[in-house]
Each structure stands twice: as structure tokens, then as C-alpha cells.
$ cat final-v2.json   # JSON, C-alpha atoms
[["chain", "number", "residue", "atom", "x", "y", "z"],
["A", 385, "PRO", "CA", 103.54, 61.21, -62.03],
["A", 386, "PRO", "CA", 101.51, 59.29, -59.48],
["A", 387, "LEU", "CA", 98.60, 57.22, -60.64],
["A", 388, "SER", "CA", 95.07, 58.45, -60.21],
["A", 389, "PRO", "CA", 93.00, 56.79, -57.47],
["A", 390, "GLY", "CA", 92.11, 53.21, -58.38],
["A", 391, "VAL", "CA", 88.70, 51.72, -58.90],
["A", 392, "VAL", "CA", 87.77, 48.99, -56.46],
["A", 393, "ALA", "CA", 85.55, 46.37, -58.07],
["A", 394, "HIS", "CA", 84.48, 43.63, -55.63],
["A", 395, "CYS", "CA", 84.23, 40.37, -57.54],
["A", 396, "HIS", "CA", 82.45, 38.22, -54.98],
["A", 397, "ASN", "CA", 78.91, 39.30, -55.81],
["A", 398, "ASN", "CA", 79.23, 40.61, -59.36],
["A", 399, "PRO", "CA", 78.06, 44.18, -58.59],
["A", 400, "SER", "CA", 76.68, 46.45, -61.27],
["A", 401, "ALA", "CA", 79.23, 48.41, -63.24],
["A", 402, "SER", "CA", 80.24, 51.86, -62.13],
["A", 403, "THR", "CA", 81.84, 54.63, -64.16],
["A", 404, "VAL", "CA", 85.15, 56.38, -63.64],
["A", 405, "THR", "CA", 86.11, 59.46, -65.64],
["A", 406, "TRP", "CA", 89.72, 60.50, -66.11],
["A", 407, "CYS", "CA", 91.08, 63.44, -68.11],
["A", 408, "CYS", "CA", 94.44, 63.36, -69.80],
["A", 409, "SER", "CA", 96.22, 66.06, -71.74],
["A", 410, "SER", "CA", 97.48, 65.60, -75.23],
["A", 411, "PRO", "CA", 100.06, 65.04, -76.51],
["A", 412, "SER", "CA", 100.59, 62.26, -74.02],
["A", 413, "LEU", "CA", 103.66, 60.16, -73.69],
["A", 414, "PHE", "CA", 103.47, 56.70, -75.17],
["A", 415, "SER", "CA", 103.27, 53.97, -72.51],
["A", 416, "ARG", "CA", 102.36, 56.46, -69.76],
["A", 417, "SER", "CA", 100.27, 55.10, -66.91],
["A", 418, "ILE", "CA", 96.79, 56.59, -66.99],
["A", 419, "ILE", "CA", 94.92, 54.98, -64.11],
["A", 420, "SER", "CA", 95.09, 51.88, -61.95],
["A", 421, "VAL", "CA", 92.01, 49.65, -61.75],
["A", 422, "LYS", "CA", 91.95, 47.28, -58.76],
["A", 423, "ALA", "CA", 89.60, 44.42, -57.98],
["A", 424, "LYS", "CA", 89.50, 42.25, -54.88],
["A", 425, "SER", "CA", 88.76, 38.55, -54.79],
["A", 426, "PHE", "CA", 87.21, 37.46, -51.53],
["A", 427, "ALA", "CA", 88.17, 33.89, -52.44],
["A", 428, "ASP", "CA", 91.81, 35.04, -52.54],
["A", 429, "ARG", "CA", 92.16, 34.15, -56.20],
["A", 430, "GLU", "CA", 94.38, 35.94, -58.68],
["A", 431, "ILE", "CA", 92.65, 38.61, -60.74],
["A", 432, "ARG", "CA", 93.10, 39.01, -64.50],
["A", 433, "TYR", "CA", 92.22, 42.29, -66.20],
["A", 434, "THR", "CA", 91.07, 42.85, -69.77],
["A", 435, "LEU", "CA", 90.17, 46.06, -71.55],
["A", 436, "LYS", "CA", 87.82, 46.65, -74.47],
["A", 437, "ALA", "CA", 87.14, 49.92, -76.26],
["A", 438, "GLN", "CA", 83.57, 50.84, -77.08],
["A", 439, "GLY", "CA", 83.27, 52.67, -80.40],
["A", 440, "GLN", "CA", 86.46, 54.33, -81.64],
["A", 441, "GLY", "CA", 89.76, 53.93, -79.90],
["A", 442, "ALA", "CA", 90.60, 50.24, -80.16],
["A", 443, "GLY", "CA", 94.33, 49.85, -79.62],
["A", 444, "THR", "CA", 94.77, 53.28, -78.03],
["A", 445, "PHE", "CA", 95.01, 51.93, -74.48],
["A", 446, "ASN", "CA", 96.08, 48.64, -72.93],
["A", 447, "ILE", "CA", 95.91, 47.19, -69.45],
["A", 448, "GLY", "CA", 98.40, 45.16, -67.46],
["A", 449, "PRO", "CA", 96.72, 41.73, -67.15],
["A", 450, "THR", "CA", 97.79, 41.32, -63.52],
["A", 451, "SER", "CA", 98.47, 44.91, -62.44],
["A", 452, "GLY", "CA", 95.27, 46.58, -63.70],
["A", 453, "ILE", "CA", 97.31, 49.60, -64.82],
["A", 454, "VAL", "CA", 95.83, 51.26, -67.90],
["A", 455, "LYS", "CA", 98.49, 52.74, -70.20],
["A", 456, "LEU", "CA", 98.60, 54.52, -73.51],
["A", 457, "ALA", "CA", 99.41, 52.19, -76.38],
["A", 458, "LYS", "CA", 99.90, 55.07, -78.82],
["A", 459, "GLU", "CA", 100.25, 58.84, -78.80],
["A", 460, "LEU", "CA", 97.24, 61.10, -78.31],
["A", 461, "ASP", "CA", 96.92, 64.38, -80.20],
["A", 462, "PHE", "CA", 93.92, 66.60, -79.53],
["A", 463, "GLU", "CA", 94.31, 68.36, -82.89],
["A", 464, "ASP", "CA", 94.26, 65.10, -84.88],
["A", 465, "LEU", "CA", 90.69, 64.97, -86.19],
["A", 466, "ARG", "CA", 90.95, 61.20, -86.66],
["A", 467, "GLN", "CA", 91.24, 60.73, -82.90],
["A", 468, "PRO", "CA", 88.21, 61.05, -80.62],
["A", 469, "HIS", "CA", 88.32, 63.40, -77.64],
["A", 470, "VAL", "CA", 86.42, 60.92, -75.46],
["A", 471, "TYR", "CA", 87.22, 57.23, -75.12],
["A", 472, "SER", "CA", 84.82, 54.78, -73.51],
["A", 473, "LEU", "CA", 86.50, 51.63, -72.22],
["A", 474, "ILE", "CA", 85.23, 48.58, -70.38],
["A", 475, "VAL", "CA", 87.64, 47.03, -67.89],
["A", 476, "THR", "CA", 86.74, 43.51, -66.79],
["A", 477, "ALA", "CA", 88.29, 41.86, -63.74],
["A", 478, "THR", "CA", 87.97, 38.06, -63.63],
["A", 479, "GLU", "CA", 89.01, 35.63, -60.91],
["A", 480, "ASP", "CA", 91.35, 32.87, -62.07],
["A", 481, "SER", "CA", 89.97, 29.33, -62.40],
["A", 482, "GLY", "CA", 86.56, 30.33, -63.66],
["A", 483, "GLY", "CA", 85.60, 32.58, -60.79],
["A", 484, "PHE", "CA", 83.38, 35.62, -60.77],
["A", 485, "SER", "CA", 83.96, 38.67, -62.94],
["A", 486, "THR", "CA", 82.90, 42.27, -62.83],
["A", 487, "SER", "CA", 83.28, 45.20, -65.19],
["A", 488, "VAL", "CA", 83.69, 48.92, -64.81],
["A", 489, "GLU", "CA", 83.26, 51.59, -67.47],
["A", 490, "LEU", "CA", 86.21, 53.94, -67.79],
["A", 491, "THR", "CA", 85.71, 57.22, -69.65],
["A", 492, "ILE", "CA", 88.87, 59.04, -70.71],
["A", 493, "ARG", "CA", 88.50, 62.64, -71.91],
["A", 494, "VAL", "CA", 91.43, 64.08, -73.85],
["A", 495, "THR", "CA", 92.10, 67.77, -73.22],
["A", 496, "ASP", "CA", 94.23, 70.13, -75.26],
["A", 497, "VAL", "CA", 97.66, 71.37, -74.22],
["A", 498, "ASN", "CA", 99.46, 74.33, -75.72],
["A", 499, "ASP", "CA", 101.76, 72.34, -77.99],
["A", 500, "ASN", "CA", 101.48, 74.29, -81.27],
["A", 501, "ALA", "CA", 103.18, 77.61, -82.05],
["A", 502, "PRO", "CA", 101.28, 80.30, -83.97],
["A", 503, "LYS", "CA", 102.00, 80.54, -87.70],
["A", 504, "PHE", "CA", 101.56, 83.53, -89.96],
["A", 505, "GLU", "CA", 99.36, 83.05, -93.00],
["A", 506, "LEU", "CA", 101.89, 84.85, -95.25],
["A", 507, "PRO", "CA", 105.71, 84.89, -95.16],
["A", 508, "ASP", "CA", 105.78, 88.70, -95.33],
["A", 509, "TYR", "CA", 103.35, 91.61, -95.31],
["A", 510, "GLN", "CA", 103.72, 94.92, -97.11],
["A", 511, "ALA", "CA", 101.90, 98.24, -97.20],
["A", 512, "HIS", "CA", 102.47, 100.64, -100.10],
["A", 513, "ASN", "CA", 101.64, 104.32, -100.67],
["A", 514, "VAL", "CA", 101.41, 105.23, -96.97],
["A", 515, "ASP", "CA", 101.51, 109.02, -96.52],
["A", 516, "GLU", "CA", 104.09, 110.29, -94.02],
["A", 517, "ASP", "CA", 101.62, 112.77, -92.54],
["A", 518, "ILE", "CA", 98.94, 110.26, -91.53],
["A", 519, "PRO", "CA", 97.54, 110.82, -88.02],
["A", 520, "LEU", "CA", 98.99, 108.79, -85.15],
["A", 521, "GLY", "CA", 97.08, 105.56, -84.59],
["A", 522, "THR", "CA", 96.18, 105.12, -88.27],
["A", 523, "SER", "CA", 95.72, 101.53, -89.40],
["A", 524, "ILE", "CA", 98.45, 100.71, -91.91],
["A", 525, "LEU", "CA", 98.42, 96.94, -92.30],
["A", 526, "LYS", "CA", 96.85, 93.79, -90.88],
["A", 527, "VAL", "CA", 98.84, 90.61, -90.16],
["A", 528, "LYS", "CA", 97.26, 87.29, -89.28],
["A", 529, "ALA", "CA", 98.61, 84.25, -87.46],
["A", 530, "THR", "CA", 96.71, 81.15, -86.45],
["A", 531, "ASP", "CA", 97.32, 78.54, -83.79],
["A", 532, "SER", "CA", 95.96, 75.03, -84.24],
["A", 533, "ASP", "CA", 95.47, 74.55, -80.48],
["A", 534, "SER", "CA", 92.00, 75.00, -78.97],
["A", 535, "GLY", "CA", 90.33, 77.44, -76.60],
["A", 536, "SER", "CA", 92.67, 79.64, -74.58],
["A", 537, "ASN", "CA", 95.63, 77.64, -75.91],
["A", 538, "ALA", "CA", 94.94, 79.17, -79.34],
["A", 539, "GLU", "CA", 95.09, 82.78, -78.12],
["A", 540, "ILE", "CA", 97.84, 84.82, -79.77],
["A", 541, "GLU", "CA", 99.58, 88.09, -78.95],
["A", 542, "TYR", "CA", 101.57, 90.14, -81.43],
["A", 543, "MET", "CA", 104.66, 92.34, -80.98],
["A", 544, "VAL", "CA", 106.55, 94.65, -83.36],
["A", 545, "SER", "CA", 110.31, 95.35, -83.36],
["A", 546, "ASP", "CA", 110.06, 99.06, -84.28],
["A", 547, "ASP", "CA", 108.65, 101.54, -81.75],
["A", 548, "HIS", "CA", 107.27, 103.68, -84.60],
["A", 549, "PHE", "CA", 104.52, 101.06, -84.79],
["A", 550, "SER", "CA", 102.24, 99.02, -82.55],
["A", 551, "VAL", "CA", 100.06, 96.01, -83.19],
["A", 552, "ASP", "CA", 96.82, 95.10, -81.46],
["A", 553, "SER", "CA", 95.45, 91.67, -80.55],
["A", 554, "SER", "CA", 93.72, 91.33, -83.93],
["A", 555, "GLY", "CA", 96.97, 91.98, -85.87],
["A", 556, "ILE", "CA", 96.24, 95.56, -86.96],
["A", 557, "ILE", "CA", 99.44, 97.60, -87.18],
["A", 558, "THR", "CA", 99.20, 101.35, -86.51],
["A", 559, "ASN", "CA", 101.75, 104.15, -86.32],
["A", 560, "ASN", "CA", 102.85, 105.32, -82.85],
["A", 561, "LYS", "CA", 105.07, 108.12, -84.18],
["A", 562, "GLN", "CA", 104.99, 110.45, -87.11],
["A", 563, "LEU", "CA", 106.50, 108.76, -90.17],
["A", 564, "ASP", "CA", 109.35, 110.47, -91.99],
["A", 565, "ALA", "CA", 109.92, 109.50, -95.62],
["A", 566, "ASP", "CA", 113.12, 111.60, -95.88],
["A", 567, "ASN", "CA", 115.01, 109.96, -93.00],
["A", 568, "ASN", "CA", 114.14, 106.37, -93.86],
["A", 569, "ASN", "CA", 114.41, 106.47, -97.65],
["A", 570, "ALA", "CA", 110.63, 106.21, -97.65],
["A", 571, "TYR", "CA", 110.95, 102.68, -96.28],
["A", 572, "TYR", "CA", 110.25, 101.07, -92.90],
["A", 573, "GLU", "CA", 111.05, 97.43, -92.33],
["A", 574, "PHE", "CA", 110.38, 95.66, -89.04],
["A", 575, "SER", "CA", 109.53, 92.27, -87.62],
["A", 576, "VAL", "CA", 106.20, 91.20, -86.21],
["A", 577, "THR", "CA", 106.20, 88.31, -83.78],
["A", 578, "ALA", "CA", 103.22, 86.16, -82.91],
["A", 579, "LYS", "CA", 103.41, 84.11, -79.73],
["A", 580, "ASP", "CA", 101.13, 82.15, -77.43],
["A", 581, "LYS", "CA", 99.53, 84.21, -74.68]]

$ encode --input "final-v2.json" --output "C-alpha cells"
Amino acid sequence: PPLSPGVVAHCHNNPSASTVTWCCSSPSLFSRSIISVKAKSFADREIRYTLKAQGQGAGTFNIGPTSGIVKLAKELDFEDLRQPHVYSLIVTATEDSGGFSTSVELTIRVTDVNDNAPKFELPDYQAHNVDEDIPLGTSILKVKATDSDSGSNAEIEYMVSDDHFSVDSSGIITNNKQLDADNNNAYYEFSVTAKDK
């Protein structure tokens, strides 16, 4: 993908630092370009770039010393509680041969992507002693799946494989049709699927 717009830091008069915010989705590909930071030397000197993390996140990003391209040095995972969701970095551009330098603060916010499938809490669910003459729409059983993603990425919808039954968004299974113990050997078996919305 194309790089985000670069930051222009003019080195001739050592201006005060400015802040750039960039959001990236996790999981992100290792060595992916995040943003390009550019500085201009009015003395036509080569520029060298360095990057320093403030707080957590040392070693998560690196910068091309001559290109100013900030890249991921390791994978990001929003669900990994050991990783921060916001990284604060200082990029310094310095003219070669002892020239001027300037710095810019770069804030990178990690956002969640829908990269985890829902998982049921139990391998199977059973209901016993269900009367065949229960009214339609009677709650028979509740299933529960969870998704370790966040926000709308964690929303789940359920489906059942037998049209005698339906399942709502909270996992409650009800009967759509009258149950018949004689025709099914008093036994109904069906699959419930949980999937991302």
C-alpha cells in the first residue's frame, strides 16, 4: 500500500516539534512501511534519521537512516495485553557533519481487525427432559461463544442446522415447530454455528 503523507521537518532553524498521528490495524505485517518522515536541509546536506520510543514499545518500529521510512520491526497484535495500543515515538532528523537537527513526535495508534474466529465455551450442549408439547418459541437451551476481538469485531451471530429450532443473538435456542418424540426416537441432534457478523 502507498505510504501515508510524510512529515516535513525543516532543519535550518530547528523548529519546535510537531505531532503526527497514524493508525495501523493489527495484526500488521512484519517489515511493513508505516509512514515516511522527510526533512529538508537548506544547506544541501545529507539527512540521517533516528527513532526513539517513549515509554513502552522499544524495538517495535525502526526507521531507515537515510530514507526516513518507519517500518514495523515486529508483529502487532491488538489482543496481546503485553502490547500497548498507542506508541509514542520521537523521530530526529540530523544534518550530516554536525549540522542542525529537529525532532517530530509520531503517535501510532493500533486498531483491532477481525482476525479471531468465535469459539464455543463447551464442545457440546445438551437439553434433557424437554416435553414434546411445549409451546412454539419456548427456550430450550443456551449456547455461548466468545470472540477475542474488540468492539464490533467481537459481535457474533448464531445459526442452527435444523429448521425445528432457531437461535437468537444471545445464543438462546427455541423451538420453531412442534416437537415429536415418536418420530425422532425422542432425540434431536443438530449443529449450531457461531460466526463473525

$ closest_residue --input "final-v2.json" --among "A:Ile540, A:Ile447, A:Val494, A:Leu525" --to "Ala578 of chain A" --atoms "only C-alpha atoms"
A:Ile540

$ closest_residue --input "final-v2.json" --among "A:Ser550, A:Ser534, A:Ser472, A:Asn500" --to "Gly441 of chain A" --atoms "all atoms listed in the file"
A:Ser472

$ closest_residue --input "final-v2.json" --among "A:Ser451, A:Ser545, A:Ser481, A:Ser553" --to "Ser417 of chain A" --atoms "all atoms listed in the file"
A:Ser451

$ residues_around --input "final-v2.json" --residues "segment 512-514 of chain A" --least-positions-apart "4" --cutoff "10 Å" --atoms "all atoms listed in the file" --output "list in words"
Ile518, Ile524, Leu525, Leu563, Ala565, Ala570 and Tyr571 of chain A

$ closest_residue --input "final-v2.json" --among "A:Phe484, A:Phe445, A:Tyr509, A:Tyr471" --to "Ser575 of chain A" --atoms "all atoms listed in the file"
A:Tyr509

$ atom_distance --input "final-v2.json" --atom1 "atom CA of Val576 of chain A" --atom2 "atom CA of Val544 of chain A"
4.5 Å

$ closest_residue --input "final-v2.json" --among "A:Asp547, A:Asp580, A:Asp480, A:Glu573" --to "Asp508 of chain A" --atoms "only C-alpha atoms"
A:Glu573

$ atom_distance --input "final-v2.json" --atom1 "atom CA of Gly439 of chain A" --atom2 "atom CA of Ile453 of chain A"
21.2 Å

$ residues_near_point --input "final-v2.json" --point "(96.8, 53.2, -67.1)" --cutoff "6 Å" --atoms "only C-alpha atoms" --output "number ranges by chain"
A: 417-420, 453-455

$ residues_around --input "final-v2.json" --residues "Gly443 of chain A" --least-positions-apart "6" --cutoff "10 Å" --atoms "all atoms listed in the file" --output "mmCIF file with C-alpha atoms, in the frame of the given file"
data_model
loop_
_atom_site.group_PDB
_atom_site.id
_atom_site.type_symbol
_atom_site.label_atom_id
_atom_site.label_comp_id
_atom_site.auth_asym_id
_atom_site.auth_seq_id
_atom_site.Cartn_x
_atom_site.Cartn_y
_atom_site.Cartn_z
ATOM 1 C CA LEU A 435 90.170 46.060 -71.550
ATOM 2 C CA LYS A 436 87.820 46.650 -74.470
ATOM 3 C CA ALA A 437 87.140 49.920 -76.260
ATOM 4 C CA LEU A 456 98.600 54.520 -73.510
ATOM 5 C CA ALA A 457 99.410 52.190 -76.380
ATOM 6 C CA LYS A 458 99.900 55.070 -78.820
#

$ closest_residue --input "final-v2.json" --among "A:Glu489, A:Asp552, A:Glu459, A:Glu430" --to "Ser523 of chain A" --atoms "only C-alpha atoms"
A:Asp552

$ atom_distance --input "final-v2.json" --atom1 "atom CA of Ser532 of chain A" --atom2 "atom CA of Phe574 of chain A"
25.6 Å

$ residues_around --input "final-v2.json" --residues "Gly483 of chain A" --least-positions-apart "2" --cutoff "10 Å" --atoms "all atoms listed in the file" --output "PyMOL selection string"
chain A and resi 395-396+425+427+429-431+478-481+485

$ axis_aligned_box --input "final-v2.json" --around "segment 486-505 of chain A" --padding-each-side "3 Å" --output "lines of an AutoDock Vina configuration file"
center_x = 93.0
center_y = 62.9
center_z = -77.9
size_x = 26.3
size_y = 47.3
size_z = 36.2
